[in-house]
Amino acid sequence: MLPNISSESIGVASAGNLPAGLWKGTPRLLAEKLIAIAQLTASPVLNNLTRRLLASPAVPPEGDEAGGPSLTALRVSKLIAFADTPTAWALAIHAETKSLDDDAFRSAAEYALAAKIDLCRRLPDFAMMRNDNDWQKAQILCQLRAGDGKAVEVTLDVMRAQNTMRDDMFIEVAQHNIIGGSRDLPHQLTPLTPAMLALLRFSDLPLPGELYGHPDFSLVPSLLQARAKQDVAQLGLAERAAQRGAIDSAALAAIYKQITFTPDELGAPLTASESGVRQHALLYQAALTEPNGHKRVSYAARFMQSAPASLVSNSGSLLAEMAKAGAPEDSFAAEALTLAQIDMLANHGEAALQWLKTAPHSALDMTTDSFRALWPQFVLAGLESADAFPADLAAWIDATYKADLSNDQHAAHDAAAATLLMLDANGFPIPATDWARVITPAQNEKHVAVSPALIDRLQAASAAGRIAETILLATSLAGDGDIPLQSAVTITRALRVAGFKAEAAAFARHTLARLLAPSGSGN
């Protein structure tokens, strides 16, 4: 039982729930502001933390309401924005009537219908409780779900007669494509709404490529489950969504499995003419049916070489499924470093360590690109002994600078400085002599502007143990694009100080996997 229980204390119970006092010390006005500005980031770690926060039952922040949407309404809306419609709908139906206004509740229901969540048995209750004529779209969608075409026609006739729904495109698709059976969709379907997507999914018609160009990420999981006219458009959206953490590896794999290839292409994917997103899907499918373990590893390795580093760093489980290497054995010694990298991406640190023991001694050299990129990952996973760390760090820095053959060695400096900063942010002691090697005069170069106020507030919130504030400020600081190094370091340190040590290490590993990707990785 939560203290100070209220309609805003509700949540969706799960193993990932955060402590009930997560809002302690954060004023309500600030809480509402931080939820409102939160947006999906390029970090799955931050996205998942934010989803857990929004779903957790908790004592509400103290203070008077600002007069806008309730805290529960903000949480429902933001869970949808973070591509978690199932949790958003579960929270919405547990909310009291006064916690969600009519528009917010109906919007959540339409997103749920687009995700094919079964809410139709309770639809009459929802509509009656809300006294809202705008539930007619949801009514039509539920009639379609029940296979009751006659009822759909009646509802459409009533809507036209009463002029109660001003959405001509929705009516056109319902009338001509669903009832009339036309195979030709209207030319203009954007901007895509959740109700329209739900209707299009009922039509089971292949959707045009324009819908996959720049949809709202809140709709992406549902949109990717619909049929597409151009598989390249669907694949491109799936990979962009995976890079942003809007979908996980399992959802990306499901899209890859839908693509059709010839037996010859599946039998020899490394020599097939496919490239880009279709090549990734081909490599994945070929690996699933390939009996030869060495070939499977070679397919996974090609995937990692050709895909963007941000996609690779978010696809550990998918790559592990491709390799299916099992327990380490000497016959895979030549591929041991690749398999260790895959296990690290999949958060299987101990398995990765066993693969390193299988690798030839010559491969375990800091001068090897693959091992040099992998070493910081092992440190952050807690697999490096404290006694070995100082000497190994010095050797890593030596090798990093020697590998950069350019005169100014900017790449080496950037890699070394980023790594030392992330290790330091996770609490690893960096010797002063190593700091001296990466400190250089400031350059008059253009950098992404980072808000000093966000950094200051994030540091203060984490030091004070204000959990929700720390997570939401970290999400805001990360932004919606590539996360600047200064922001990544600040976020890592704040998560660790606030008690999220595992998440801090995972965030740092994800960041360095992208920054230190060996040359040859896709862009």
# chains A, B, ... in the order shown; residues from 1 in each chain; ligands from 1
>>> select_by_dssp(residues="stretch 194-305 of chain A", states="helix (DSSP H, G or I)", output="JSON, numbers by chain")
{"A": [194, 195, 196, 197, 198, 199, 200, 201, 202, 203, 209, 210, 211, 212, 217, 218, 219, 220, 221, 222, 223, 231, 232, 233, 234, 235, 236, 237, 238, 239, 240, 241, 242, 243, 244, 249, 250, 251, 252, 253, 254, 255, 256, 257, 258, 263, 264, 265, 266, 267, 276, 277, 278, 279, 280, 281, 282, 283, 284, 285, 286, 287, 288, 289, 293, 294, 295, 296, 297, 298, 299, 300, 301, 302, 303, 304, 305]}
>>> write_last_selection(atoms="C-alpha atoms", output="tab-separated table (two decimals), in the first residue's frame")
chain	number	residue	atom	x	y	z
A	194	PRO	CA	-3.44	5.87	-34.90
A	195	ALA	CA	-7.10	5.45	-35.94
A	196	MET	CA	-6.16	5.46	-39.62
A	197	LEU	CA	-3.35	2.97	-39.04
A	198	ALA	CA	-5.76	0.68	-37.18
A	199	LEU	CA	-8.17	0.92	-40.12
A	200	LEU	CA	-5.41	0.24	-42.66
A	201	ARG	CA	-4.33	-2.84	-40.71
A	202	PHE	CA	-7.89	-4.19	-40.91
A	203	SER	CA	-7.83	-3.70	-44.68
A	209	GLY	CA	6.32	3.54	-48.94
A	210	GLU	CA	5.53	7.15	-48.04
A	211	LEU	CA	4.04	5.99	-44.73
A	212	TYR	CA	7.43	4.57	-43.69
A	217	PHE	CA	7.91	6.82	-33.48
A	218	SER	CA	4.88	6.16	-31.27
A	219	LEU	CA	3.25	4.40	-34.25
A	220	VAL	CA	6.32	2.52	-35.49
A	221	PRO	CA	5.81	-0.83	-33.67
A	222	SER	CA	2.24	-1.07	-35.04
A	223	LEU	CA	3.14	0.23	-38.50
A	231	ASP	CA	10.09	-3.99	-48.33
A	232	VAL	CA	13.06	-1.60	-48.51
A	233	ALA	CA	10.92	1.17	-47.00
A	234	GLN	CA	9.73	-1.14	-44.22
A	235	LEU	CA	13.24	-2.44	-43.53
A	236	GLY	CA	14.68	1.07	-43.49
A	237	LEU	CA	12.14	2.20	-40.91
A	238	ALA	CA	12.73	-0.93	-38.80
A	239	GLU	CA	16.48	-0.32	-38.69
A	240	ARG	CA	16.06	3.37	-37.87
A	241	ALA	CA	13.64	2.44	-35.10
A	242	ALA	CA	16.06	-0.16	-33.73
A	243	GLN	CA	18.85	2.41	-33.70
A	244	ARG	CA	16.62	4.73	-31.68
A	249	SER	CA	16.09	-6.91	-31.53
A	250	ALA	CA	13.18	-9.35	-31.55
A	251	ALA	CA	10.94	-6.88	-33.41
A	252	LEU	CA	13.71	-6.16	-35.93
A	253	ALA	CA	14.26	-9.89	-36.44
A	254	ALA	CA	10.52	-10.36	-37.10
A	255	ILE	CA	10.74	-7.80	-39.93
A	256	TYR	CA	13.84	-9.47	-41.37
A	257	LYS	CA	12.01	-12.80	-41.44
A	258	GLN	CA	9.21	-11.38	-43.60
A	263	PRO	CA	17.20	-20.33	-52.34
A	264	ASP	CA	20.43	-19.38	-54.16
A	265	GLU	CA	20.66	-16.09	-52.24
A	266	LEU	CA	20.03	-17.83	-48.90
A	267	GLY	CA	22.65	-20.45	-49.75
A	276	GLY	CA	22.05	-2.24	-47.41
A	277	VAL	CA	18.95	-3.18	-45.44
A	278	ARG	CA	18.08	-6.12	-47.68
A	279	GLN	CA	21.58	-7.52	-47.22
A	280	HIS	CA	21.12	-7.39	-43.45
A	281	ALA	CA	17.82	-9.28	-43.72
A	282	LEU	CA	19.43	-11.84	-46.04
A	283	LEU	CA	22.37	-12.43	-43.71
A	284	TYR	CA	20.00	-12.88	-40.78
A	285	GLN	CA	17.74	-15.36	-42.57
A	286	ALA	CA	20.68	-17.32	-43.99
A	287	ALA	CA	22.26	-17.65	-40.55
A	288	LEU	CA	19.09	-19.12	-39.06
A	289	THR	CA	19.08	-22.04	-41.49
A	293	GLY	CA	28.73	-22.82	-37.37
A	294	HIS	CA	31.71	-21.10	-39.00
A	295	LYS	CA	29.51	-19.81	-41.82
A	296	ARG	CA	26.97	-18.50	-39.31
A	297	VAL	CA	29.68	-16.52	-37.57
A	298	SER	CA	30.89	-15.15	-40.91
A	299	TYR	CA	27.36	-13.96	-41.69
A	300	ALA	CA	27.11	-12.22	-38.31
A	301	ALA	CA	30.54	-10.67	-38.86
A	302	ARG	CA	29.48	-9.31	-42.26
A	303	PHE	CA	26.35	-7.87	-40.66
A	304	MET	CA	28.49	-6.02	-38.12
A	305	GLN	CA	30.83	-4.74	-40.83
>>> residues_around(residues="stretch 373-383 of chain A", least_positions_apart="6", cutoff="6 Å", atoms="only C-alpha atoms", output="ChimeraX atom specification")
/A:505,509,516
>>> closest_residue(among="A:Gln459, A:Ser451, A:Pro44, A:Asn177", to="A:Ser310", atoms="only C-alpha atoms")
A:Pro44
>>> residues_around(residues="A:Trp435", least_positions_apart="6", cutoff="10 Å", atoms="only C-alpha atoms", output="ChimeraX atom specification")
/A:416-417,420-421
>>> write_last_selection(atoms="N, CA and C atoms", output="tab-separated table (two decimals), in the first residue's frame")
chain	number	residue	atom	x	y	z
A	416	ALA	N	40.77	7.99	-27.16
A	416	ALA	CA	41.37	7.82	-25.83
A	416	ALA	C	40.66	8.69	-24.80
A	417	ALA	N	40.40	9.96	-25.16
A	417	ALA	CA	39.75	10.86	-24.20
A	417	ALA	C	38.34	10.37	-23.87
A	420	LEU	N	38.60	7.28	-21.51
A	420	LEU	CA	38.99	7.62	-20.15
A	420	LEU	C	37.86	8.34	-19.41
A	421	LEU	N	37.17	9.21	-20.10
A	421	LEU	CA	36.06	9.92	-19.47
A	421	LEU	C	34.94	8.97	-19.06
>>> closest_residue(among="A:Ser362, A:Asp118, A:Glu335, A:Asp134", to="A:Asp103", atoms="only C-alpha atoms")
A:Asp134
>>> residues_around(residues="stretch 485-489 of chain A", least_positions_apart="2", cutoff="12 Å", atoms="only C-alpha atoms", output="ChimeraX atom specification")
/A:41-43,45-46,414-415,417-427,447-452,454-456,458-459,473-479,481-483,491-496,504-512,514-515
>>> closest_residue(among="A:Thr85, A:Ser77, A:Thr338, A:Asn48", to="A:Lys116", atoms="only C-alpha atoms")
A:Thr85
>>> residues_around(residues="stretch 389-401 of chain A", least_positions_apart="2", cutoff="8 Å", atoms="only C-alpha atoms", output="PyMOL selection string")
chain A and resi 366-367+372+384-387+403-404+409+412-413+415-416+430-431+434
>>> write_last_selection(atoms="N, CA and C atoms", output="PDB file, in the first residue's frame")
ATOM      1  N   MET A 366      46.693  -5.444 -27.912  1.00  0.00           N
ATOM      2  CA  MET A 366      46.051  -4.143 -28.049  1.00  0.00           C
ATOM      3  C   MET A 366      46.224  -3.539 -29.442  1.00  0.00           C
ATOM      4  N   THR A 367      47.215  -4.025 -30.197  1.00  0.00           N
ATOM      5  CA  THR A 367      47.407  -3.497 -31.551  1.00  0.00           C
ATOM      6  C   THR A 367      46.369  -4.047 -32.529  1.00  0.00           C
ATOM      7  N   ARG A 372      41.250  -4.098 -29.374  1.00  0.00           N
ATOM      8  CA  ARG A 372      41.368  -2.755 -28.799  1.00  0.00           C
ATOM      9  C   ARG A 372      39.977  -2.129 -28.605  1.00  0.00           C
ATOM     10  N   GLU A 384      37.601  -7.017 -15.820  1.00  0.00           N
ATOM     11  CA  GLU A 384      39.039  -6.709 -15.738  1.00  0.00           C
ATOM     12  C   GLU A 384      39.409  -6.599 -14.266  1.00  0.00           C
ATOM     13  N   SER A 385      40.492  -7.255 -13.861  1.00  0.00           N
ATOM     14  CA  SER A 385      40.898  -7.204 -12.462  1.00  0.00           C
ATOM     15  C   SER A 385      41.489  -5.834 -12.137  1.00  0.00           C
ATOM     16  N   ALA A 386      41.333  -5.418 -10.890  1.00  0.00           N
ATOM     17  CA  ALA A 386      41.862  -4.120 -10.471  1.00  0.00           C
ATOM     18  C   ALA A 386      43.377  -4.076 -10.601  1.00  0.00           C
ATOM     19  N   ASP A 387      44.047  -5.214 -10.361  1.00  0.00           N
ATOM     20  CA  ASP A 387      45.514  -5.248 -10.447  1.00  0.00           C
ATOM     21  C   ASP A 387      46.000  -5.062 -11.881  1.00  0.00           C
ATOM     22  N   ALA A 403      47.937   3.286 -33.633  1.00  0.00           N
ATOM     23  CA  ALA A 403      47.068   2.865 -34.737  1.00  0.00           C
ATOM     24  C   ALA A 403      46.634   4.040 -35.603  1.00  0.00           C
ATOM     25  N   ASP A 404      46.724   5.254 -35.081  1.00  0.00           N
ATOM     26  CA  ASP A 404      46.341   6.448 -35.837  1.00  0.00           C
ATOM     27  C   ASP A 404      47.576   6.990 -36.539  1.00  0.00           C
ATOM     28  N   GLN A 409      46.734  13.139 -35.269  1.00  0.00           N
ATOM     29  CA  GLN A 409      46.251  12.103 -34.343  1.00  0.00           C
ATOM     30  C   GLN A 409      44.964  12.511 -33.612  1.00  0.00           C
ATOM     31  N   ALA A 412      42.877   9.371 -32.614  1.00  0.00           N
ATOM     32  CA  ALA A 412      43.399   8.674 -31.438  1.00  0.00           C
ATOM     33  C   ALA A 412      43.084   9.444 -30.171  1.00  0.00           C
ATOM     34  N   HIS A 413      43.275  10.744 -30.221  1.00  0.00           N
ATOM     35  CA  HIS A 413      42.992  11.554 -29.037  1.00  0.00           C
ATOM     36  C   HIS A 413      41.516  11.480 -28.655  1.00  0.00           C
ATOM     37  N   ALA A 415      39.331   9.100 -29.323  1.00  0.00           N
ATOM     38  CA  ALA A 415      38.991   7.770 -28.813  1.00  0.00           C
ATOM     39  C   ALA A 415      39.512   7.582 -27.397  1.00  0.00           C
ATOM     40  N   ALA A 416      40.772   7.989 -27.158  1.00  0.00           N
ATOM     41  CA  ALA A 416      41.365   7.818 -25.834  1.00  0.00           C
ATOM     42  C   ALA A 416      40.657   8.691 -24.796  1.00  0.00           C
ATOM     43  N   ILE A 430      41.578   6.498 -12.845  1.00  0.00           N
ATOM     44  CA  ILE A 430      42.454   6.787 -13.974  1.00  0.00           C
ATOM     45  C   ILE A 430      43.717   7.461 -13.451  1.00  0.00           C
ATOM     46  N   PRO A 431      44.897   6.863 -13.644  1.00  0.00           N
ATOM     47  CA  PRO A 431      46.140   7.487 -13.178  1.00  0.00           C
ATOM     48  C   PRO A 431      46.363   8.860 -13.813  1.00  0.00           C
ATOM     49  N   ASP A 434      47.989   9.013 -17.195  1.00  0.00           N
ATOM     50  CA  ASP A 434      47.156   8.720 -18.367  1.00  0.00           C
ATOM     51  C   ASP A 434      46.293   9.934 -18.739  1.00  0.00           C
TER      52      ASP A 434
END
>>> decode(residues="stretch 366-377 of chain A", atoms="all heavy atoms", output="JSON list (two decimals), in the first residue's frame")
[["chain", "number", "residue", "atom", "x", "y", "z"],
["A", 366, "MET", "N", 46.69, -5.44, -27.91],
["A", 366, "MET", "CA", 46.05, -4.14, -28.05],
["A", 366, "MET", "C", 46.22, -3.54, -29.44],
["A", 366, "MET", "O", 45.48, -2.64, -29.83],
["A", 366, "MET", "CB", 46.60, -3.17, -27.00],
["A", 366, "MET", "CG", 46.21, -3.50, -25.58],
["A", 366, "MET", "SD", 44.43, -3.37, -25.26],
["A", 366, "MET", "CE", 44.41, -3.65, -23.48],
["A", 367, "THR", "N", 47.21, -4.03, -30.20],
["A", 367, "THR", "CA", 47.41, -3.50, -31.55],
["A", 367, "THR", "C", 46.37, -4.05, -32.53],
["A", 367, "THR", "O", 46.25, -3.54, -33.64],
["A", 367, "THR", "CB", 48.81, -3.83, -32.06],
["A", 367, "THR", "OG1", 48.98, -5.25, -32.10],
["A", 367, "THR", "CG2", 49.88, -3.22, -31.16],
["A", 368, "THR", "N", 45.64, -5.08, -32.13],
["A", 368, "THR", "CA", 44.57, -5.63, -32.97],
["A", 368, "THR", "C", 43.33, -4.74, -32.84],
["A", 368, "THR", "O", 42.84, -4.50, -31.73],
["A", 368, "THR", "CB", 44.21, -7.06, -32.52],
["A", 368, "THR", "OG1", 45.39, -7.86, -32.55],
["A", 368, "THR", "CG2", 43.16, -7.66, -33.43],
["A", 369, "ASP", "N", 42.81, -4.25, -33.97],
["A", 369, "ASP", "CA", 41.67, -3.33, -33.93],
["A", 369, "ASP", "C", 40.50, -3.90, -33.14],
["A", 369, "ASP", "O", 39.90, -3.21, -32.31],
["A", 369, "ASP", "CB", 41.21, -3.00, -35.36],
["A", 369, "ASP", "CG", 42.17, -2.07, -36.08],
["A", 369, "ASP", "OD1", 43.08, -1.55, -35.41],
["A", 369, "ASP", "OD2", 42.01, -1.87, -37.29],
["A", 370, "SER", "N", 40.16, -5.15, -33.39],
["A", 370, "SER", "CA", 38.98, -5.75, -32.75],
["A", 370, "SER", "C", 39.16, -5.84, -31.24],
["A", 370, "SER", "O", 38.25, -5.51, -30.47],
["A", 370, "SER", "CB", 38.71, -7.14, -33.33],
["A", 370, "SER", "OG", 38.39, -7.05, -34.70],
["A", 371, "PHE", "N", 40.34, -6.28, -30.80],
["A", 371, "PHE", "CA", 40.55, -6.43, -29.37],
["A", 371, "PHE", "C", 40.64, -5.06, -28.69],
["A", 371, "PHE", "O", 40.13, -4.88, -27.57],
["A", 371, "PHE", "CB", 41.83, -7.22, -29.08],
["A", 371, "PHE", "CG", 42.05, -7.47, -27.62],
["A", 371, "PHE", "CD1", 41.23, -8.34, -26.92],
["A", 371, "PHE", "CD2", 43.06, -6.81, -26.93],
["A", 371, "PHE", "CE1", 41.42, -8.56, -25.56],
["A", 371, "PHE", "CE2", 43.25, -7.02, -25.57],
["A", 371, "PHE", "CZ", 42.43, -7.91, -24.89],
["A", 372, "ARG", "N", 41.25, -4.10, -29.37],
["A", 372, "ARG", "CA", 41.37, -2.75, -28.80],
["A", 372, "ARG", "C", 39.98, -2.13, -28.61],
["A", 372, "ARG", "O", 39.72, -1.45, -27.60],
["A", 372, "ARG", "CB", 42.24, -1.87, -29.69],
["A", 372, "ARG", "CG", 42.62, -0.54, -29.04],
["A", 372, "ARG", "CD", 43.68, 0.19, -29.82],
["A", 372, "ARG", "NE", 43.26, 0.50, -31.17],
["A", 372, "ARG", "CZ", 43.69, -0.14, -32.26],
["A", 372, "ARG", "NH1", 44.55, -1.14, -32.15],
["A", 372, "ARG", "NH2", 43.27, 0.20, -33.46],
["A", 373, "ALA", "N", 39.07, -2.35, -29.54],
["A", 373, "ALA", "CA", 37.71, -1.83, -29.40],
["A", 373, "ALA", "C", 36.93, -2.58, -28.32],
["A", 373, "ALA", "O", 36.02, -2.03, -27.70],
["A", 373, "ALA", "CB", 36.97, -1.95, -30.74],
["A", 374, "LEU", "N", 37.30, -3.83, -28.08],
["A", 374, "LEU", "CA", 36.57, -4.68, -27.14],
["A", 374, "LEU", "C", 37.02, -4.48, -25.69],
["A", 374, "LEU", "O", 36.21, -4.64, -24.77],
["A", 374, "LEU", "CB", 36.77, -6.14, -27.55],
["A", 374, "LEU", "CG", 35.80, -7.20, -27.03],
["A", 374, "LEU", "CD1", 34.36, -6.82, -27.36],
["A", 374, "LEU", "CD2", 36.15, -8.55, -27.65],
["A", 375, "TRP", "N", 38.28, -4.12, -25.49],
["A", 375, "TRP", "CA", 38.82, -4.06, -24.13],
["A", 375, "TRP", "C", 38.03, -3.15, -23.20],
["A", 375, "TRP", "O", 37.70, -3.55, -22.07],
["A", 375, "TRP", "CB", 40.30, -3.66, -24.16],
["A", 375, "TRP", "CG", 40.91, -3.61, -22.79],
["A", 375, "TRP", "CD1", 41.30, -4.67, -22.02],
["A", 375, "TRP", "CD2", 41.12, -2.43, -22.00],
["A", 375, "TRP", "NE1", 41.76, -4.23, -20.80],
["A", 375, "TRP", "CE2", 41.65, -2.86, -20.77],
["A", 375, "TRP", "CE3", 40.90, -1.08, -22.22],
["A", 375, "TRP", "CZ2", 41.98, -1.95, -19.76],
["A", 375, "TRP", "CZ3", 41.24, -0.18, -21.22],
["A", 375, "TRP", "CH2", 41.78, -0.62, -20.00],
["A", 376, "PRO", "N", 37.69, -1.90, -23.59],
["A", 376, "PRO", "CA", 36.90, -1.07, -22.66],
["A", 376, "PRO", "C", 35.55, -1.70, -22.30],
["A", 376, "PRO", "O", 35.02, -1.47, -21.20],
["A", 376, "PRO", "CB", 36.70, 0.24, -23.43],
["A", 376, "PRO", "CG", 37.82, 0.29, -24.43],
["A", 376, "PRO", "CD", 38.03, -1.14, -24.81],
["A", 377, "GLN", "N", 34.98, -2.47, -23.21],
["A", 377, "GLN", "CA", 33.71, -3.14, -22.92],
["A", 377, "GLN", "C", 33.87, -4.14, -21.77],
["A", 377, "GLN", "O", 33.01, -4.25, -20.90],
["A", 377, "GLN", "CB", 33.20, -3.87, -24.17],
["A", 377, "GLN", "CG", 32.98, -2.98, -25.38],
["A", 377, "GLN", "CD", 31.70, -2.18, -25.27],
["A", 377, "GLN", "OE1", 30.74, -2.63, -24.66],
["A", 377, "GLN", "NE2", 31.70, -0.99, -25.83]]
